[in-house]
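Right, one structure below, let's go through it.
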Amino acid sequence: MVKVLILYYSMYGHVRQIAEKVKEGLTAEGVEVDIYQLQETLSEAILAKMHAAVKGDHPVFTHDKIGSIPEYDGLLIGAPTRFGVMAAQVKTFWDATGQLWSKQALAGKPGGIFFSTATQNGGQETTALTCVTQFVHHGMVFVPVGYTFGGDQFANEEAHGGSPYGAGTLAGADGSRQPSKYEQEFAIHQGKHFAKIAKKMSGS
């Protein structure tokens, strides 16, 4: 059975919710999924000042687990934006994968990304691009969603997250906005789309 790893960081819970919907799409296509949250890099004092939400129940992906990533058939990364780029917690994970890079242990494996920004113009594409460079250096194959979700991807009546790069949500400037029905369905679609590609690439 094809097995996919989801790694995400979520300070306010938005990326966690999208991650769970992406997982739903993957499992609907018969793919086995492991989901972890990435390690926190900020102190409890700083998190309190930022009014960070309580972390979810997913286990933490500690750096000693990095060596297990090549065992998976695909990797999906969930990242909130910080000034148009992936959050430092996600970059810290990538910075710790040098041993995998030196062996090109992930070369040829599919990779994808989903994200959260405060506003529609706050990095729904640039955040994804900062992750694509990581995939490229590892020799991975970036799997975008493109416009395969169709329909409302072309709608402009209301602001929504998501782009051809992957599923996304808008959190609002104060973090109070929660993923919409459209954004959740987009994330499920990304999971299904990624599962199909991963199965093709693994020969399943």
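Going by the structure tokens order, chains are called A, B, ..., each with residues numbered from 1, while ligands are numbered from 1 in the order shown.
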
Quiz item: Could you pull the residues within 9 Å of Thr41 in chain A, counting only C-alpha atoms, minus those fewer than 4 positions along the same chain, as a list in words?
Solution: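 Contacts, with the query itself left out: Ala88, Gln89 and Thr92 of chain A.
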
Quiz prompt | Picked from range 10-149 of chain A by DSSP as alpha helix (DSSP H), as a ChimeraX atom specification | solution = /A:14-28,44-49,88-95,98-103,126-137

Self-check item: Residue contacts of range 171-185 of chain A (9 Å, only C-alpha atoms) excluding same-chain residues fewer than 3 positions away, as a ChimeraX atom specification
Solution: /A:12-14,17-18,21-22,116-120,152,160-162,167-168,188-190

Practice problem: Name the residues in contact with Pro164 in chain A at a cut-off of 8 Å, using only C-alpha atoms, excluding same-chain residues fewer than 6 positions from it; report them as a PyMOL selection string. | Solution: chain A and resi 144-147

Output for the residues just chosen: N, CA, C and O atoms as a PDB file, in the first residue's frame:
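out.pdb was written with the following content:
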ATOM      1  N   PRO A 144       1.610  19.930  -7.994  1.00  0.00           N
ATOM      2  CA  PRO A 144       0.628  20.980  -7.729  1.00  0.00           C
ATOM      3  C   PRO A 144      -0.783  20.468  -7.978  1.00  0.00           C
ATOM      4  O   PRO A 144      -0.979  19.414  -8.598  1.00  0.00           O
ATOM      5  N   VAL A 145      -1.755  21.234  -7.519  1.00  0.00           N
ATOM      6  CA  VAL A 145      -3.151  20.884  -7.779  1.00  0.00           C
ATOM      7  C   VAL A 145      -3.563  21.367  -9.166  1.00  0.00           C
ATOM      8  O   VAL A 145      -4.440  20.790  -9.807  1.00  0.00           O
ATOM      9  N   GLY A 146      -2.892  22.429  -9.613  1.00  0.00           N
ATOM     10  CA  GLY A 146      -3.309  23.016 -10.881  1.00  0.00           C
ATOM     11  C   GLY A 146      -4.719  23.568 -10.757  1.00  0.00           C
ATOM     12  O   GLY A 146      -5.097  24.114  -9.718  1.00  0.00           O
ATOM     13  N   TYR A 147      -5.506  23.387 -11.788  1.00  0.00           N
ATOM     14  CA  TYR A 147      -6.919  23.791 -11.742  1.00  0.00           C
ATOM     15  C   TYR A 147      -7.823  22.566 -11.830  1.00  0.00           C
ATOM     16  O   TYR A 147      -8.935  22.627 -12.357  1.00  0.00           O
TER      17      TYR A 147
END

Quiz prompt | Residue set, range 68-104 of chain A restricted to strand (DSSP E or B), as a list in words | solution =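 Answer for range 68-104 of chain A restricted to strand (DSSP E or B) is Gly74, Leu75, Leu76, Ile77, Gly78, Ala79, Pro80, Thr81, Arg82, Val85 and Met86 of chain A.
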
Residues from the last selection, N, CA, C and O atoms, saved as an mmCIF file, in the first residue's frame:
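Written output follows (selection.cif):
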data_model
loop_
_atom_site.group_PDB
_atom_site.id
_atom_site.type_symbol
_atom_site.label_atom_id
_atom_site.label_comp_id
_atom_site.auth_asym_id
_atom_site.auth_seq_id
_atom_site.Cartn_x
_atom_site.Cartn_y
_atom_site.Cartn_z
ATOM 1 N N GLY A 74 5.513 9.512 -0.547
ATOM 2 C CA GLY A 74 5.241 10.907 -0.859
ATOM 3 C C GLY A 74 5.243 11.744 0.403
ATOM 4 O O GLY A 74 5.086 11.218 1.513
ATOM 5 N N LEU A 75 5.421 13.047 0.230
ATOM 6 C CA LEU A 75 5.513 13.976 1.359
ATOM 7 C C LEU A 75 4.684 15.215 1.079
ATOM 8 O O LEU A 75 4.830 15.851 0.036
ATOM 9 N N LEU A 76 3.818 15.557 2.023
ATOM 10 C CA LEU A 76 3.021 16.779 1.936
ATOM 11 C C LEU A 76 3.364 17.665 3.123
ATOM 12 O O LEU A 76 3.397 17.201 4.267
ATOM 13 N N ILE A 77 3.612 18.941 2.836
ATOM 14 C CA ILE A 77 4.021 19.893 3.851
ATOM 15 C C ILE A 77 2.935 20.954 4.044
ATOM 16 O O ILE A 77 2.445 21.529 3.069
ATOM 17 N N GLY A 78 2.592 21.226 5.300
ATOM 18 C CA GLY A 78 1.635 22.280 5.621
ATOM 19 C C GLY A 78 2.348 23.435 6.293
ATOM 20 O O GLY A 78 3.006 23.242 7.329
ATOM 21 N N ALA A 79 2.238 24.631 5.733
ATOM 22 C CA ALA A 79 3.003 25.772 6.247
ATOM 23 C C ALA A 79 2.165 27.040 6.313
ATOM 24 O O ALA A 79 1.569 27.437 5.308
ATOM 25 N N PRO A 80 2.153 27.702 7.453
ATOM 26 C CA PRO A 80 1.590 29.050 7.490
ATOM 27 C C PRO A 80 2.610 30.021 6.912
ATOM 28 O O PRO A 80 3.801 29.694 6.823
ATOM 29 N N THR A 81 2.158 31.173 6.494
ATOM 30 C CA THR A 81 3.081 32.145 5.926
ATOM 31 C C THR A 81 3.591 33.101 6.988
ATOM 32 O O THR A 81 2.911 33.378 7.976
ATOM 33 N N ARG A 82 4.788 33.565 6.786
ATOM 34 C CA ARG A 82 5.351 34.651 7.574
ATOM 35 C C ARG A 82 5.967 35.623 6.581
ATOM 36 O O ARG A 82 7.021 35.344 6.011
ATOM 37 N N VAL A 85 6.636 34.013 3.094
ATOM 38 C CA VAL A 85 7.441 32.801 2.992
ATOM 39 C C VAL A 85 6.985 31.813 4.072
ATOM 40 O O VAL A 85 6.229 32.159 4.975
ATOM 41 N N MET A 86 7.454 30.567 3.964
ATOM 42 C CA MET A 86 7.082 29.565 4.958
ATOM 43 C C MET A 86 7.561 29.988 6.341
ATOM 44 O O MET A 86 8.589 30.660 6.492
#

Exercise. Can you pull out every residue within 7 Å of Gly191 in chain A, counting only C-alpha atoms, but drop anything in the same chain fewer than 2 positions away, and send it as a count of residues only?
Key: 11

Self-check item: Counting only C-alpha atoms, the residue of A:Ala53, A:Ala159, A:Met140, A:Ala87 that sits nearest Gly112 in chain A
Solution: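 For Gly112 in chain A, the nearest of the candidates is A:Met140.
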
Quiz item: Which is closest to Val33 in chain A among A:Tyr9, A:Phe114, A:Phe186, A:Tyr72, if we use only C-alpha atoms?
Solution: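 The answer is A:Tyr72, which sits nearest to Val33 in chain A.
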
Quiz item: Which polymer residues have any atom within 10 Å of an atom of Leu129 in chain A, counting only C-alpha atoms, with same-chain residues fewer than 6 positions away left out, as a PyMOL selection string?
Solution: chain A and resi 84-86+113+123+135+165

Kindly save the residues from that selection, with N, CA, C and O atoms included, as a tab-separated table (two decimals), in the first residue's frame.
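Result saved to part28.tsv:
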chain	number	residue	atom	x	y	z
A	84	GLY	N	5.11	36.27	3.57
A	84	GLY	CA	5.17	35.75	2.21
A	84	GLY	C	6.03	34.52	2.02
A	84	GLY	O	6.15	34.03	0.89
A	85	VAL	N	6.64	34.01	3.09
A	85	VAL	CA	7.44	32.80	2.99
A	85	VAL	C	6.98	31.81	4.07
A	85	VAL	O	6.23	32.16	4.97
A	86	MET	N	7.45	30.57	3.96
A	86	MET	CA	7.08	29.57	4.96
A	86	MET	C	7.56	29.99	6.34
A	86	MET	O	8.59	30.66	6.49
A	113	ILE	N	2.35	20.83	-1.16
A	113	ILE	CA	2.25	21.80	-0.07
A	113	ILE	C	0.85	22.36	0.05
A	113	ILE	O	0.11	22.46	-0.94
A	123	GLY	N	0.36	35.75	0.46
A	123	GLY	CA	1.38	34.73	0.22
A	123	GLY	C	0.84	33.39	-0.19
A	123	GLY	O	1.51	32.37	-0.01
A	135	PHE	N	11.94	21.07	-2.36
A	135	PHE	CA	11.70	19.85	-3.14
A	135	PHE	C	12.73	19.70	-4.25
A	135	PHE	O	13.26	18.61	-4.48
A	165	TYR	N	-1.04	25.95	-6.66
A	165	TYR	CA	0.05	25.29	-5.96
A	165	TYR	C	-0.44	24.29	-4.92
A	165	TYR	O	0.24	23.30	-4.61
